[in-house]
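Colleague: This is the structure I have questions about; it appears just below.
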Amino acid sequence: MKLPVKKLRESVAARLRMHFSEKEQLEDIAYAMTQMLKTPLQQSRALARAGAAQRAQLNKLPPAKNLARALQTLRDMKVPLDVPAAARELENCTTGSYLLALPFTVSAMSLMAQLVTDTRRRFCIVDTRYTRYYFNLFLRAPETRERVQLLSPPAMLAQHRKRLELFGRQRTIADALTYITFPDLETTSLDTARRVPFMGEDYQFSTLEPLLFFRGVAPLFTFDAGEFATTLRVKLVAYPSEPVNVVTETDVDALLAWLAGKLEQIFREVPADVLSWAETLMLAYSMKATTAVMKLKMVEGYLRAWKDADPNLKEATFASAISELQHAQEAIDKERLTAISG
């Protein structure tokens with residue numbers, strides 16, 4: 001009985017290693033850079049290689065056996081963010097919950113490793129495929145596992161709503177949670193998303209951050225690379241607005257536009273620090289449309305194969321199905337071109 005279980009675990013571990021292999025990551029990142037930065041493939045590969053060493057180091061940490069050393073490695077990484085300064089700034093949020101809506105970067109990982117040294121704080125991180133892998137380290141380490149949890153966006157909102165009912169908005173440090181989200185990783189349904197300009201075209205951004213912020217998880221912080229060209233540093237900035245009692249669509253759109261603008265700075269100014277290139281590309285409406293068209297073409301191919309194999313398939317039925325599929329492909333392709341043109 002033990003042997004099959006062991007083989008299953010080894011198989012799962014092997015698939016994870018394969019997915020996060022250095023070569024696969026480099027090619028995926030280079031392709032995403034080509035699409036998002038509009039750079040030639042060779043230039044994109046050079047940009048991807050610039051961050052390869054840190055990614056390789058980072059990929060070794062989640063399964064590490066010496067968890068304390070792995071956390072310290074994260075704290076010691078050379079990143080464009082001034083991690084000690086950012087941590088000191090967040091120390092001012094001593095009695096309430098706040099929201100870190102960060103680009104998924106090496107800087108974000110390093111900052112998180114620094115923040116968890118405050119044993120008074122508990123941390124709630126949005127659950128995604130990437131955070132589940134990379135933050136496994138925090139979920140396993142004895143010094144952090146009781147204070148760090150991963151929650152899906154709906155669960156995160158439900159938890160905050162429950163805490164509001166129990167505590168209100170005035171809390172002590174013992175009651176406070178640090179919420180950490182990564183807008184560049186969050187997939188969502190259309191009814192909980194906004195179409196937001198990002199990297200020169202339309203992207204789908206979750207409304208998780210506005211919902212948390214306007215329900216009292218404030219202030220909201222993210223990274224700013226506006227001065228990176230002269231300082232070579234990234235800094236922490238807060239959203240320059242206060243939560244309001246009556247939230248409008250304009251309020252939500254304004255916050256997401258500000259957040260998308262800050263994230264775009266990071267992607268353009270410090271591309272080697274970004275870990276989410278491939279995942280973020282899939283939030284582009286043009287990529288969603290391309291994927292949908294590919295699926296429709298597969299269905300069309302299946303129908304054509306069926307027609308060749310089954311002489312009893314009625315010609316009218318076949319022609320009608322093909323016509324509908326092609327019409328859907330054309331409509332989606334128009335949406336793709338609209339998204340690219342902004």
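The chains in the structure tokens are called A, B, ... from first to last as shown; in each chain the residues are counted from 1, and the ligands are counted from 1 in the order shown.
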Please list as a list in words every residue within 7 Å of stretch 278-281 of chain A, counting only C-alpha atoms and excluding residues in the same chain fewer than 3 positions away.

Modeller: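 Neighbouring residues, sequence-local ones excluded: Asp28, Ile29, Ala32, Asp184, Leu185 and Ala284 of chain A.
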
Colleague: Now that the selection is made, can you save its residues with C-alpha atoms as an mmCIF file, in the first residue's frame?

Modeller:
data_model
loop_
_atom_site.group_PDB
_atom_site.id
_atom_site.type_symbol
_atom_site.label_atom_id
_atom_site.label_comp_id
_atom_site.auth_asym_id
_atom_site.auth_seq_id
_atom_site.Cartn_x
_atom_site.Cartn_y
_atom_site.Cartn_z
ATOM 1 C CA ASP A 28 6.927 31.113 -21.329
ATOM 2 C CA ILE A 29 8.148 34.416 -19.924
ATOM 3 C CA ALA A 32 4.606 36.732 -22.734
ATOM 4 C CA ASP A 184 -1.849 40.086 -11.994
ATOM 5 C CA LEU A 185 -2.659 36.465 -11.032
ATOM 6 C CA ALA A 284 -5.674 39.939 -21.779
#

Colleague: Among stretch 78-215 of chain A, which ones does DSSP assign to alpha helix (DSSP H) (computed from the backbone)? Answer as a PyMOL selection string.

Modeller: chain A and resi 83-90+106-115+129-134+136-140+153-167+208-214

Colleague: Could you turn the residues from that selection into a file that holds C-alpha atoms, as a short mmCIF file (atom, residue, chain, number, x, y, z; two decimals), in the first residue's frame?

Modeller:
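Output contents, as saved in again31.cif:
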data_model
loop_
_atom_site.label_atom_id
_atom_site.label_comp_id
_atom_site.auth_asym_id
_atom_site.auth_seq_id
_atom_site.Cartn_x
_atom_site.Cartn_y
_atom_site.Cartn_z
CA VAL A 83 12.33 45.95 1.78
CA PRO A 84 13.37 47.34 5.21
CA ALA A 85 11.92 50.77 4.36
CA ALA A 86 8.67 49.21 3.15
CA ALA A 87 8.41 47.10 6.30
CA ARG A 88 8.99 50.16 8.48
CA GLU A 89 6.26 52.05 6.63
CA LEU A 90 3.81 49.23 7.25
CA VAL A 106 10.56 38.58 -6.22
CA SER A 107 10.25 41.87 -4.31
CA ALA A 108 6.79 40.84 -3.08
CA MET A 109 8.11 37.47 -1.90
CA SER A 110 11.01 39.12 -0.09
CA LEU A 111 8.73 41.70 1.55
CA MET A 112 6.39 38.94 2.72
CA ALA A 113 9.31 37.05 4.29
CA GLN A 114 10.23 40.22 6.18
CA LEU A 115 6.69 41.05 7.33
CA ARG A 129 -1.95 28.35 -8.65
CA TYR A 130 1.24 30.38 -8.21
CA THR A 131 0.73 31.44 -4.60
CA ARG A 132 -0.16 27.85 -3.70
CA TYR A 133 3.25 26.75 -4.94
CA TYR A 134 5.52 29.60 -3.88
CA ASN A 136 4.00 26.65 0.47
CA LEU A 137 7.14 27.66 2.32
CA PHE A 138 5.17 29.97 4.62
CA LEU A 139 2.48 27.35 5.19
CA ARG A 140 5.07 24.78 6.32
CA PRO A 153 -11.35 35.61 -3.35
CA PRO A 154 -14.92 34.69 -2.30
CA ALA A 155 -13.65 33.15 0.94
CA MET A 156 -11.50 36.20 1.61
CA LEU A 157 -14.47 38.53 1.18
CA ALA A 158 -16.67 36.30 3.35
CA GLN A 159 -14.05 36.19 6.08
CA HIS A 160 -13.72 39.98 6.09
CA ARG A 161 -17.50 40.42 6.20
CA LYS A 162 -17.70 38.09 9.19
CA ARG A 163 -14.90 39.95 10.96
CA LEU A 164 -16.72 43.23 10.39
CA GLU A 165 -19.79 41.79 12.06
CA LEU A 166 -17.74 40.58 15.02
CA PHE A 167 -15.29 43.44 15.55
CA LEU A 208 -11.50 41.79 -5.26
CA GLU A 209 -9.26 44.72 -4.35
CA PRO A 210 -11.96 47.44 -4.60
CA LEU A 211 -14.41 45.25 -2.68
CA LEU A 212 -11.95 44.73 0.16
CA PHE A 213 -10.81 48.36 0.21
CA PHE A 214 -14.25 49.95 0.17
#

Colleague: What are the DSSP strand (DSSP E or B) residues of stretch 88-213 of chain A, as a count of residues only?

Modeller: 31

Colleague: Do a neighbour search on A:Met33 at 12 Å with only C-alpha atoms, toss out local chain neighbours closer than 6 positions, and write the hits as a ChimeraX atom specification.

Modeller: /A:25-27,39-49,199,267-268,271-272,274-281

Colleague: Now that the selection is made, can you save its residues with N, CA and C atoms as a PDB file, in the first residue's frame?

Modeller:
ATOM      1  N   GLN A  25      10.047  27.930 -17.902  1.00  0.00           N
ATOM      2  CA  GLN A  25       9.727  29.270 -17.413  1.00  0.00           C
ATOM      3  C   GLN A  25      10.290  30.331 -18.333  1.00  0.00           C
ATOM      4  N   LEU A  26      11.542  30.166 -18.749  1.00  0.00           N
ATOM      5  CA  LEU A  26      12.178  31.178 -19.586  1.00  0.00           C
ATOM      6  C   LEU A  26      11.418  31.359 -20.893  1.00  0.00           C
ATOM      7  N   GLU A  27      11.044  30.263 -21.540  1.00  0.00           N
ATOM      8  CA  GLU A  27      10.343  30.365 -22.816  1.00  0.00           C
ATOM      9  C   GLU A  27       8.944  30.962 -22.641  1.00  0.00           C
ATOM     10  N   THR A  39       8.158  43.538 -27.813  1.00  0.00           N
ATOM     11  CA  THR A  39       9.583  43.484 -28.126  1.00  0.00           C
ATOM     12  C   THR A  39       9.875  42.265 -28.991  1.00  0.00           C
ATOM     13  N   PRO A  40      10.946  42.307 -29.807  1.00  0.00           N
ATOM     14  CA  PRO A  40      11.322  41.123 -30.592  1.00  0.00           C
ATOM     15  C   PRO A  40      11.640  39.943 -29.667  1.00  0.00           C
ATOM     16  N   LEU A  41      11.462  38.719 -30.176  1.00  0.00           N
ATOM     17  CA  LEU A  41      11.630  37.523 -29.351  1.00  0.00           C
ATOM     18  C   LEU A  41      13.024  37.434 -28.734  1.00  0.00           C
ATOM     19  N   GLN A  42      14.055  37.756 -29.508  1.00  0.00           N
ATOM     20  CA  GLN A  42      15.414  37.664 -28.963  1.00  0.00           C
ATOM     21  C   GLN A  42      15.630  38.653 -27.824  1.00  0.00           C
ATOM     22  N   GLN A  43      15.079  39.845 -27.954  1.00  0.00           N
ATOM     23  CA  GLN A  43      15.174  40.831 -26.868  1.00  0.00           C
ATOM     24  C   GLN A  43      14.395  40.349 -25.646  1.00  0.00           C
ATOM     25  N   SER A  44      13.249  39.749 -25.889  1.00  0.00           N
ATOM     26  CA  SER A  44      12.450  39.223 -24.791  1.00  0.00           C
ATOM     27  C   SER A  44      13.183  38.096 -24.077  1.00  0.00           C
ATOM     28  N   ARG A  45      13.852  37.253 -24.831  1.00  0.00           N
ATOM     29  CA  ARG A  45      14.619  36.164 -24.201  1.00  0.00           C
ATOM     30  C   ARG A  45      15.746  36.713 -23.346  1.00  0.00           C
ATOM     31  N   ALA A  46      16.375  37.790 -23.819  1.00  0.00           N
ATOM     32  CA  ALA A  46      17.436  38.415 -23.021  1.00  0.00           C
ATOM     33  C   ALA A  46      16.872  38.987 -21.724  1.00  0.00           C
ATOM     34  N   LEU A  47      15.710  39.624 -21.805  1.00  0.00           N
ATOM     35  CA  LEU A  47      15.061  40.148 -20.600  1.00  0.00           C
ATOM     36  C   LEU A  47      14.680  39.015 -19.648  1.00  0.00           C
ATOM     37  N   ALA A  48      14.190  37.911 -20.207  1.00  0.00           N
ATOM     38  CA  ALA A  48      13.806  36.767 -19.370  1.00  0.00           C
ATOM     39  C   ALA A  48      15.036  36.161 -18.697  1.00  0.00           C
ATOM     40  N   ARG A  49      16.144  36.086 -19.425  1.00  0.00           N
ATOM     41  CA  ARG A  49      17.376  35.527 -18.835  1.00  0.00           C
ATOM     42  C   ARG A  49      17.908  36.400 -17.714  1.00  0.00           C
ATOM     43  N   MET A 199      -0.990  47.598 -20.300  1.00  0.00           N
ATOM     44  CA  MET A 199       0.027  47.206 -21.278  1.00  0.00           C
ATOM     45  C   MET A 199      -0.438  47.448 -22.721  1.00  0.00           C
ATOM     46  N   PHE A 267       5.964  46.112 -14.603  1.00  0.00           N
ATOM     47  CA  PHE A 267       6.200  45.232 -15.747  1.00  0.00           C
ATOM     48  C   PHE A 267       7.145  45.877 -16.764  1.00  0.00           C
ATOM     49  N   ARG A 268       7.046  47.183 -16.941  1.00  0.00           N
ATOM     50  CA  ARG A 268       7.866  47.849 -17.948  1.00  0.00           C
ATOM     51  C   ARG A 268       9.258  48.223 -17.418  1.00  0.00           C
ATOM     52  N   PRO A 271      11.245  44.347 -15.432  1.00  0.00           N
ATOM     53  CA  PRO A 271      10.684  43.073 -15.914  1.00  0.00           C
ATOM     54  C   PRO A 271      11.335  41.844 -15.300  1.00  0.00           C
ATOM     55  N   ALA A 272      12.618  41.937 -14.938  1.00  0.00           N
ATOM     56  CA  ALA A 272      13.303  40.773 -14.365  1.00  0.00           C
ATOM     57  C   ALA A 272      12.764  40.410 -12.988  1.00  0.00           C
ATOM     58  N   VAL A 274       9.563  40.449 -12.172  1.00  0.00           N
ATOM     59  CA  VAL A 274       8.194  39.927 -12.292  1.00  0.00           C
ATOM     60  C   VAL A 274       8.214  38.409 -12.487  1.00  0.00           C
ATOM     61  N   LEU A 275       7.374  37.718 -11.728  1.00  0.00           N
ATOM     62  CA  LEU A 275       7.265  36.262 -11.817  1.00  0.00           C
ATOM     63  C   LEU A 275       6.018  35.807 -12.574  1.00  0.00           C
ATOM     64  N   SER A 276       5.113  36.711 -12.853  1.00  0.00           N
ATOM     65  CA  SER A 276       3.773  36.340 -13.327  1.00  0.00           C
ATOM     66  C   SER A 276       3.538  36.595 -14.805  1.00  0.00           C
ATOM     67  N   TRP A 277       4.581  36.752 -15.599  1.00  0.00           N
ATOM     68  CA  TRP A 277       4.393  37.130 -16.995  1.00  0.00           C
ATOM     69  C   TRP A 277       3.387  36.230 -17.720  1.00  0.00           C
ATOM     70  N   ALA A 278       3.612  34.926 -17.681  1.00  0.00           N
ATOM     71  CA  ALA A 278       2.771  34.002 -18.444  1.00  0.00           C
ATOM     72  C   ALA A 278       1.336  34.015 -17.935  1.00  0.00           C
ATOM     73  N   GLU A 279       1.179  34.069 -16.622  1.00  0.00           N
ATOM     74  CA  GLU A 279      -0.165  34.049 -16.038  1.00  0.00           C
ATOM     75  C   GLU A 279      -0.917  35.341 -16.350  1.00  0.00           C
ATOM     76  N   THR A 280      -0.216  36.472 -16.260  1.00  0.00           N
ATOM     77  CA  THR A 280      -0.867  37.760 -16.509  1.00  0.00           C
ATOM     78  C   THR A 280      -1.301  37.901 -17.961  1.00  0.00           C
ATOM     79  N   LEU A 281      -0.500  37.377 -18.882  1.00  0.00           N
ATOM     80  CA  LEU A 281      -0.863  37.451 -20.307  1.00  0.00           C
ATOM     81  C   LEU A 281      -2.246  36.856 -20.562  1.00  0.00           C
TER      82      LEU A 281
END
